[in-house]
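What follows is work_27.pdb (PDB, N, CA and C atoms).
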ATOM      1  N   MET Y 474     -20.330  34.803 -19.114  1.00  0.00           N
ATOM      2  CA  MET Y 474     -19.487  33.628 -19.225  1.00  0.00           C
ATOM      3  C   MET Y 474     -20.312  32.413 -18.784  1.00  0.00           C
ATOM      4  N   ASN Y 475     -20.387  31.392 -19.636  1.00  0.00           N
ATOM      5  CA  ASN Y 475     -21.146  30.206 -19.264  1.00  0.00           C
ATOM      6  C   ASN Y 475     -20.262  29.194 -18.543  1.00  0.00           C
ATOM      7  N   LYS Y 476     -20.886  28.110 -18.052  1.00  0.00           N
ATOM      8  CA  LYS Y 476     -20.140  27.117 -17.268  1.00  0.00           C
ATOM      9  C   LYS Y 476     -19.033  26.466 -18.073  1.00  0.00           C
ATOM     10  N   THR Y 477     -19.269  26.213 -19.349  1.00  0.00           N
ATOM     11  CA  THR Y 477     -18.246  25.592 -20.184  1.00  0.00           C
ATOM     12  C   THR Y 477     -17.020  26.489 -20.283  1.00  0.00           C
ATOM     13  N   ASP Y 478     -17.227  27.793 -20.448  1.00  0.00           N
ATOM     14  CA  ASP Y 478     -16.107  28.733 -20.525  1.00  0.00           C
ATOM     15  C   ASP Y 478     -15.309  28.758 -19.221  1.00  0.00           C
ATOM     16  N   LYS Y 479     -15.993  28.690 -18.077  1.00  0.00           N
ATOM     17  CA  LYS Y 479     -15.310  28.713 -16.791  1.00  0.00           C
ATOM     18  C   LYS Y 479     -14.560  27.409 -16.532  1.00  0.00           C
ATOM     19  N   LEU Y 480     -15.072  26.312 -17.046  1.00  0.00           N
ATOM     20  CA  LEU Y 480     -14.466  25.006 -16.812  1.00  0.00           C
ATOM     21  C   LEU Y 480     -13.257  24.752 -17.698  1.00  0.00           C
ATOM     22  N   GLN Y 481     -13.182  25.392 -18.849  1.00  0.00           N
ATOM     23  CA  GLN Y 481     -12.121  25.138 -19.824  1.00  0.00           C
ATOM     24  C   GLN Y 481     -10.704  25.292 -19.258  1.00  0.00           C
ATOM     25  N   PRO Y 482     -10.367  26.383 -18.564  1.00  0.00           N
ATOM     26  CA  PRO Y 482      -8.997  26.497 -18.033  1.00  0.00           C
ATOM     27  C   PRO Y 482      -8.664  25.393 -17.029  1.00  0.00           C
ATOM     28  N   LEU Y 483      -9.622  25.009 -16.202  1.00  0.00           N
ATOM     29  CA  LEU Y 483      -9.410  23.930 -15.244  1.00  0.00           C
ATOM     30  C   LEU Y 483      -9.169  22.612 -15.968  1.00  0.00           C
ATOM     31  N   GLN Y 484      -9.962  22.335 -16.984  1.00  0.00           N
ATOM     32  CA  GLN Y 484      -9.779  21.106 -17.757  1.00  0.00           C
ATOM     33  C   GLN Y 484      -8.408  21.069 -18.409  1.00  0.00           C
ATOM     34  N   GLU Y 485      -8.011  22.151 -19.026  1.00  0.00           N
ATOM     35  CA  GLU Y 485      -6.718  22.187 -19.714  1.00  0.00           C
ATOM     36  C   GLU Y 485      -5.568  21.963 -18.735  1.00  0.00           C
ATOM     37  N   MET Y 486      -5.640  22.582 -17.554  1.00  0.00           N
ATOM     38  CA  MET Y 486      -4.603  22.400 -16.547  1.00  0.00           C
ATOM     39  C   MET Y 486      -4.579  20.957 -16.049  1.00  0.00           C
ATOM     40  N   ALA Y 487      -5.743  20.401 -15.774  1.00  0.00           N
ATOM     41  CA  ALA Y 487      -5.823  19.036 -15.257  1.00  0.00           C
ATOM     42  C   ALA Y 487      -5.372  18.016 -16.291  1.00  0.00           C
ATOM     43  N   ILE Y 488      -5.742  18.202 -17.549  1.00  0.00           N
ATOM     44  CA  ILE Y 488      -5.337  17.283 -18.617  1.00  0.00           C
ATOM     45  C   ILE Y 488      -3.825  17.318 -18.799  1.00  0.00           C
ATOM     46  N   ALA Y 489      -3.255  18.505 -18.851  1.00  0.00           N
ATOM     47  CA  ALA Y 489      -1.802  18.628 -19.021  1.00  0.00           C
ATOM     48  C   ALA Y 489      -1.061  17.993 -17.847  1.00  0.00           C
ATOM     49  N   TYR Y 490      -1.547  18.240 -16.636  1.00  0.00           N
ATOM     50  CA  TYR Y 490      -0.894  17.664 -15.458  1.00  0.00           C
ATOM     51  C   TYR Y 490      -1.007  16.143 -15.464  1.00  0.00           C
ATOM     52  N   ALA Y 491      -2.194  15.620 -15.724  1.00  0.00           N
ATOM     53  CA  ALA Y 491      -2.390  14.163 -15.741  1.00  0.00           C
ATOM     54  C   ALA Y 491      -1.515  13.508 -16.799  1.00  0.00           C
ATOM     55  N   ASN Y 492      -1.463  14.100 -17.978  1.00  0.00           N
ATOM     56  CA  ASN Y 492      -0.660  13.509 -19.052  1.00  0.00           C
ATOM     57  C   ASN Y 492       0.841  13.615 -18.793  1.00  0.00           C
ATOM     58  N   SER Y 493       1.246  14.430 -17.827  1.00  0.00           N
ATOM     59  CA  SER Y 493       2.670  14.526 -17.491  1.00  0.00           C
ATOM     60  C   SER Y 493       3.095  13.467 -16.471  1.00  0.00           C
ATOM     61  N   LEU Y 494       2.137  12.803 -15.855  1.00  0.00           N
ATOM     62  CA  LEU Y 494       2.441  11.798 -14.836  1.00  0.00           C
ATOM     63  C   LEU Y 494       2.718  10.442 -15.471  1.00  0.00           C
ATOM     64  N   PRO Y 495       3.717   9.714 -14.978  1.00  0.00           N
ATOM     65  CA  PRO Y 495       3.983   8.371 -15.505  1.00  0.00           C
ATOM     66  C   PRO Y 495       2.780   7.453 -15.254  1.00  0.00           C
ATOM     67  N   GLY Y 496       2.349   6.756 -16.280  1.00  0.00           N
ATOM     68  CA  GLY Y 496       1.252   5.803 -16.139  1.00  0.00           C
ATOM     69  C   GLY Y 496      -0.126   6.418 -16.058  1.00  0.00           C
ATOM     70  N   ALA Y 497      -0.234   7.715 -16.262  1.00  0.00           N
ATOM     71  CA  ALA Y 497      -1.537   8.380 -16.211  1.00  0.00           C
ATOM     72  C   ALA Y 497      -1.926   8.829 -17.609  1.00  0.00           C
ATOM     73  N   LYS Y 498      -3.230   8.946 -17.828  1.00  0.00           N
ATOM     74  CA  LYS Y 498      -3.700   9.454 -19.114  1.00  0.00           C
ATOM     75  C   LYS Y 498      -5.027  10.169 -18.910  1.00  0.00           C
ATOM     76  N   ALA Y 499      -5.269  11.123 -19.768  1.00  0.00           N
ATOM     77  CA  ALA Y 499      -6.512  11.886 -19.737  1.00  0.00           C
ATOM     78  C   ALA Y 499      -7.005  12.025 -21.165  1.00  0.00           C
ATOM     79  N   TYR Y 500      -8.286  11.757 -21.351  1.00  0.00           N
ATOM     80  CA  TYR Y 500      -8.859  11.839 -22.690  1.00  0.00           C
ATOM     81  C   TYR Y 500     -10.376  11.954 -22.594  1.00  0.00           C
ATOM     82  N   TRP Y 501     -10.996  12.358 -23.700  1.00  0.00           N
ATOM     83  CA  TRP Y 501     -12.447  12.511 -23.764  1.00  0.00           C
ATOM     84  C   TRP Y 501     -13.106  11.146 -23.863  1.00  0.00           C
ATOM     85  N   ARG Y 502     -14.162  10.908 -23.074  1.00  0.00           N
ATOM     86  CA  ARG Y 502     -14.954   9.683 -23.156  1.00  0.00           C
ATOM     87  C   ARG Y 502     -16.365  10.055 -23.552  1.00  0.00           C
ATOM     88  N   ASP Y 503     -16.786   9.543 -24.700  1.00  0.00           N
ATOM     89  CA  ASP Y 503     -18.142   9.823 -25.167  1.00  0.00           C
ATOM     90  C   ASP Y 503     -19.198   9.278 -24.212  1.00  0.00           C
ATOM     91  N   ASP Y 504     -18.959   8.078 -23.653  1.00  0.00           N
ATOM     92  CA  ASP Y 504     -19.972   7.479 -22.780  1.00  0.00           C
ATOM     93  C   ASP Y 504     -20.149   8.244 -21.465  1.00  0.00           C
ATOM     94  N   TRP Y 505     -19.143   8.956 -21.002  1.00  0.00           N
ATOM     95  CA  TRP Y 505     -19.262   9.790 -19.810  1.00  0.00           C
ATOM     96  C   TRP Y 505     -19.575  11.238 -20.170  1.00  0.00           C
ATOM     97  N   GLU Y 506     -19.377  11.597 -21.417  1.00  0.00           N
ATOM     98  CA  GLU Y 506     -19.536  12.969 -21.905  1.00  0.00           C
ATOM     99  C   GLU Y 506     -18.693  13.949 -21.084  1.00  0.00           C
ATOM    100  N   THR Y 507     -17.469  13.544 -20.803  1.00  0.00           N
ATOM    101  CA  THR Y 507     -16.536  14.380 -20.051  1.00  0.00           C
ATOM    102  C   THR Y 507     -15.119  13.878 -20.282  1.00  0.00           C
ATOM    103  N   TYR Y 508     -14.153  14.643 -19.823  1.00  0.00           N
ATOM    104  CA  TYR Y 508     -12.775  14.164 -19.867  1.00  0.00           C
ATOM    105  C   TYR Y 508     -12.589  13.120 -18.778  1.00  0.00           C
ATOM    106  N   TYR Y 509     -11.912  12.057 -19.120  1.00  0.00           N
ATOM    107  CA  TYR Y 509     -11.680  10.913 -18.244  1.00  0.00           C
ATOM    108  C   TYR Y 509     -10.215  10.916 -17.837  1.00  0.00           C
ATOM    109  N   PHE Y 510      -9.993  10.744 -16.563  1.00  0.00           N
ATOM    110  CA  PHE Y 510      -8.637  10.705 -16.032  1.00  0.00           C
ATOM    111  C   PHE Y 510      -8.407   9.336 -15.406  1.00  0.00           C
ATOM    112  N   ASP Y 511      -7.412   8.627 -15.899  1.00  0.00           N
ATOM    113  CA  ASP Y 511      -7.012   7.335 -15.341  1.00  0.00           C
ATOM    114  C   ASP Y 511      -5.639   7.550 -14.727  1.00  0.00           C
ATOM    115  N   ILE Y 512      -5.605   7.594 -13.406  1.00  0.00           N
ATOM    116  CA  ILE Y 512      -4.364   7.861 -12.693  1.00  0.00           C
ATOM    117  C   ILE Y 512      -4.142   6.734 -11.690  1.00  0.00           C
ATOM    118  N   MET Y 513      -3.152   5.904 -11.991  1.00  0.00           N
ATOM    119  CA  MET Y 513      -2.813   4.759 -11.149  1.00  0.00           C
ATOM    120  C   MET Y 513      -4.030   3.881 -10.861  1.00  0.00           C
ATOM    121  N   GLY Y 514      -4.844   3.646 -11.890  1.00  0.00           N
ATOM    122  CA  GLY Y 514      -6.004   2.778 -11.751  1.00  0.00           C
ATOM    123  C   GLY Y 514      -7.230   3.431 -11.146  1.00  0.00           C
ATOM    124  N   LYS Y 515      -7.128   4.690 -10.755  1.00  0.00           N
ATOM    125  CA  LYS Y 515      -8.277   5.423 -10.217  1.00  0.00           C
ATOM    126  C   LYS Y 515      -8.908   6.217 -11.348  1.00  0.00           C
ATOM    127  N   MET Y 516     -10.233   6.281 -11.363  1.00  0.00           N
ATOM    128  CA  MET Y 516     -10.950   6.977 -12.424  1.00  0.00           C
ATOM    129  C   MET Y 516     -11.531   8.283 -11.891  1.00  0.00           C
ATOM    130  N   PHE Y 517     -11.379   9.333 -12.675  1.00  0.00           N
ATOM    131  CA  PHE Y 517     -11.913  10.637 -12.324  1.00  0.00           C
ATOM    132  C   PHE Y 517     -12.504  11.271 -13.573  1.00  0.00           C
ATOM    133  N   GLY Y 518     -13.463  12.146 -13.390  1.00  0.00           N
ATOM    134  CA  GLY Y 518     -14.004  12.913 -14.500  1.00  0.00           C
ATOM    135  C   GLY Y 518     -14.421  14.289 -14.017  1.00  0.00           C
ATOM    136  N   ILE Y 519     -14.163  15.300 -14.822  1.00  0.00           N
ATOM    137  CA  ILE Y 519     -14.625  16.651 -14.490  1.00  0.00           C
ATOM    138  C   ILE Y 519     -16.017  16.778 -15.082  1.00  0.00           C
ATOM    139  N   VAL Y 520     -17.021  16.840 -14.215  1.00  0.00           N
ATOM    140  CA  VAL Y 520     -18.393  16.897 -14.700  1.00  0.00           C
ATOM    141  C   VAL Y 520     -19.128  18.163 -14.264  1.00  0.00           C
ATOM    142  N   HIS Y 521     -18.514  18.939 -13.409  1.00  0.00           N
ATOM    143  CA  HIS Y 521     -19.168  20.151 -12.923  1.00  0.00           C
ATOM    144  C   HIS Y 521     -18.099  21.174 -12.580  1.00  0.00           C
ATOM    145  N   ASP Y 522     -18.419  22.440 -12.687  1.00  0.00           N
ATOM    146  CA  ASP Y 522     -17.418  23.477 -12.443  1.00  0.00           C
ATOM    147  C   ASP Y 522     -17.248  23.836 -10.970  1.00  0.00           C
ATOM    148  N   ASN Y 523     -18.091  23.342 -10.076  1.00  0.00           N
ATOM    149  CA  ASN Y 523     -17.991  23.715  -8.668  1.00  0.00           C
ATOM    150  C   ASN Y 523     -17.269  22.696  -7.798  1.00  0.00           C
ATOM    151  N   VAL Y 524     -17.028  21.502  -8.307  1.00  0.00           N
ATOM    152  CA  VAL Y 524     -16.469  20.443  -7.477  1.00  0.00           C
ATOM    153  C   VAL Y 524     -15.312  19.770  -8.189  1.00  0.00           C
ATOM    154  N   ILE Y 525     -14.234  19.555  -7.463  1.00  0.00           N
ATOM    155  CA  ILE Y 525     -13.119  18.746  -7.961  1.00  0.00           C
ATOM    156  C   ILE Y 525     -12.606  17.920  -6.783  1.00  0.00           C
ATOM    157  N   THR Y 526     -12.346  16.663  -7.033  1.00  0.00           N
ATOM    158  CA  THR Y 526     -11.804  15.779  -6.012  1.00  0.00           C
ATOM    159  C   THR Y 526     -10.308  15.677  -6.218  1.00  0.00           C
ATOM    160  N   LEU Y 527      -9.561  15.960  -5.186  1.00  0.00           N
ATOM    161  CA  LEU Y 527      -8.109  15.894  -5.267  1.00  0.00           C
ATOM    162  C   LEU Y 527      -7.603  14.803  -4.330  1.00  0.00           C
ATOM    163  N   LYS Y 528      -6.943  13.825  -4.886  1.00  0.00           N
ATOM    164  CA  LYS Y 528      -6.331  12.753  -4.094  1.00  0.00           C
ATOM    165  C   LYS Y 528      -4.835  13.015  -4.128  1.00  0.00           C
ATOM    166  N   ASN Y 529      -4.328  13.630  -3.079  1.00  0.00           N
ATOM    167  CA  ASN Y 529      -2.944  14.059  -3.103  1.00  0.00           C
ATOM    168  C   ASN Y 529      -2.498  14.385  -1.684  1.00  0.00           C
ATOM    169  N   ASP Y 530      -1.279  14.805  -1.558  1.00  0.00           N
ATOM    170  CA  ASP Y 530      -0.757  15.320  -0.305  1.00  0.00           C
ATOM    171  C   ASP Y 530      -1.544  16.583   0.056  1.00  0.00           C
ATOM    172  N   PRO Y 531      -2.002  16.728   1.305  1.00  0.00           N
ATOM    173  CA  PRO Y 531      -2.807  17.898   1.671  1.00  0.00           C
ATOM    174  C   PRO Y 531      -2.153  19.238   1.327  1.00  0.00           C
ATOM    175  N   TYR Y 532      -0.840  19.357   1.490  1.00  0.00           N
ATOM    176  CA  TYR Y 532      -0.168  20.611   1.150  1.00  0.00           C
ATOM    177  C   TYR Y 532      -0.292  20.901  -0.345  1.00  0.00           C
ATOM    178  N   ILE Y 533      -0.069  19.893  -1.170  1.00  0.00           N
ATOM    179  CA  ILE Y 533      -0.180  20.078  -2.621  1.00  0.00           C
ATOM    180  C   ILE Y 533      -1.617  20.427  -2.993  1.00  0.00           C
ATOM    181  N   ASN Y 534      -2.597  19.788  -2.345  1.00  0.00           N
ATOM    182  CA  ASN Y 534      -3.997  20.109  -2.623  1.00  0.00           C
ATOM    183  C   ASN Y 534      -4.300  21.573  -2.337  1.00  0.00           C
ATOM    184  N   THR Y 535      -3.730  22.096  -1.256  1.00  0.00           N
ATOM    185  CA  THR Y 535      -3.932  23.511  -0.933  1.00  0.00           C
ATOM    186  C   THR Y 535      -3.408  24.391  -2.062  1.00  0.00           C
ATOM    187  N   GLU Y 536      -2.252  24.036  -2.597  1.00  0.00           N
ATOM    188  CA  GLU Y 536      -1.695  24.799  -3.714  1.00  0.00           C
ATOM    189  C   GLU Y 536      -2.574  24.667  -4.962  1.00  0.00           C
ATOM    190  N   LEU Y 537      -3.074  23.464  -5.237  1.00  0.00           N
ATOM    191  CA  LEU Y 537      -3.897  23.252  -6.431  1.00  0.00           C
ATOM    192  C   LEU Y 537      -5.237  23.978  -6.346  1.00  0.00           C
ATOM    193  N   ARG Y 538      -5.744  24.192  -5.138  1.00  0.00           N
ATOM    194  CA  ARG Y 538      -7.021  24.895  -4.987  1.00  0.00           C
ATOM    195  C   ARG Y 538      -6.970  26.303  -5.559  1.00  0.00           C
ATOM    196  N   ARG Y 539      -5.789  26.855  -5.652  1.00  0.00           N
ATOM    197  CA  ARG Y 539      -5.660  28.207  -6.225  1.00  0.00           C
ATOM    198  C   ARG Y 539      -6.101  28.242  -7.680  1.00  0.00           C
ATOM    199  N   PHE Y 540      -6.109  27.077  -8.348  1.00  0.00           N
ATOM    200  CA  PHE Y 540      -6.538  27.002  -9.740  1.00  0.00           C
ATOM    201  C   PHE Y 540      -8.048  26.880  -9.872  1.00  0.00           C
ATOM    202  N   THR Y 541      -8.740  26.654  -8.759  1.00  0.00           N
ATOM    203  CA  THR Y 541     -10.182  26.468  -8.794  1.00  0.00           C
ATOM    204  C   THR Y 541     -10.851  27.752  -9.264  1.00  0.00           C
ATOM    205  N   ILE Y 542     -11.766  27.592 -10.162  1.00  0.00           N
ATOM    206  CA  ILE Y 542     -12.507  28.738 -10.694  1.00  0.00           C
ATOM    207  C   ILE Y 542     -13.786  28.882  -9.890  1.00  0.00           C
ATOM    208  N   ARG Y 543     -13.971  30.017  -9.293  1.00  0.00           N
ATOM    209  CA  ARG Y 543     -15.160  30.249  -8.471  1.00  0.00           C
ATOM    210  C   ARG Y 543     -16.198  31.021  -9.275  1.00  0.00           C
ATOM    211  N   SER Y 544     -17.447  30.679  -9.018  1.00  0.00           N
ATOM    212  CA  SER Y 544     -18.528  31.377  -9.738  1.00  0.00           C
ATOM    213  C   SER Y 544     -18.913  32.654  -9.038  1.00  0.00           C
TER     214      SER Y 544
END
Please rewrite the model in this file as structure tokens.
Amino acid sequence: MNKTDKLQPLQEMAIAYANSLPGAKAYWRDDWETYYFDIMGKMFGIVHDNVITLKNDPYINTELRRFTIRS
């Protein structure tokens, strides 16, 4: 399994979640060569399979970590 295959489920979950939030959007950006997340004026991009930055309530972040794909 390559890195792209491992990252795909995380991307799909993050894109669906971001697009469900009011005022948020997620889409592919050619200039970043990654999915771009604009959430309340903050910019995020998934660029590596080992790191994700979560800006949220600490309890919710703990729950979201369960979706992290480990190598």
How would you write as a JSON list (two decimals) with N, CA and C atoms, in the frame of the given file the residues that get within 6 Å of (-4.8, 9.2, -20.1) in the file's frame, counting all atoms listed in the file?
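Writing the result to result.json gives the following:
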[["chain", "number", "residue", "atom", "x", "y", "z"],
["Y", 497, "ALA", "N", -0.23, 7.72, -16.26],
["Y", 497, "ALA", "CA", -1.54, 8.38, -16.21],
["Y", 497, "ALA", "C", -1.93, 8.83, -17.61],
["Y", 498, "LYS", "N", -3.23, 8.95, -17.83],
["Y", 498, "LYS", "CA", -3.70, 9.45, -19.11],
["Y", 498, "LYS", "C", -5.03, 10.17, -18.91],
["Y", 499, "ALA", "N", -5.27, 11.12, -19.77],
["Y", 499, "ALA", "CA", -6.51, 11.89, -19.74],
["Y", 499, "ALA", "C", -7.00, 12.02, -21.16],
["Y", 500, "TYR", "N", -8.29, 11.76, -21.35],
["Y", 500, "TYR", "CA", -8.86, 11.84, -22.69],
["Y", 500, "TYR", "C", -10.38, 11.95, -22.59],
["Y", 510, "PHE", "N", -9.99, 10.74, -16.56],
["Y", 510, "PHE", "CA", -8.64, 10.70, -16.03],
["Y", 510, "PHE", "C", -8.41, 9.34, -15.41],
["Y", 511, "ASP", "N", -7.41, 8.63, -15.90],
["Y", 511, "ASP", "CA", -7.01, 7.34, -15.34],
["Y", 511, "ASP", "C", -5.64, 7.55, -14.73]]
| task | Pick out the residues sitting within 12 Å of Arg539 (chain Y), and hand them over as a PyMOL selection string; count only C-alpha atoms, and ignore anything fewer than 5 positions along from it in its own chain. | result | chain Y and resi 483+486+532-534
Residue contacts of Gly518 (chain Y) (6 Å, only N, CA and C atoms) excluding same-chain residues fewer than 5 positions away, as a list of chain:residue names
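So the residues in contact are Y:Thr507, Y:Tyr508, Y:Tyr509, Y:Phe510.
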Exercise for review: Work out how far apart CA of Leu480 (chain Y) and CA of Met513 (chain Y) are and give it in Å to one decimal.
Suggested key: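 About the pair CA of Leu480 (chain Y) and CA of Met513 (chain Y): they are 24.0 Å apart.
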**Prompt:** Could you state the separation of CA of Pro495 (chain Y) and CA of Ile512 (chain Y) in Å, given to one decimal place?
**Reply:**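 Atom-to-atom, CA of Pro495 (chain Y) and CA of Ile512 (chain Y) are spaced 8.8 Å apart.
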Margin query: Quick check, in Å to one decimal: how far apart do CA of Gly496 (chain Y) and CA of Gly514 (chain Y) lie?
Written below: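 CA of Gly514 (chain Y) lies 9.0 Å from CA of Gly496 (chain Y).
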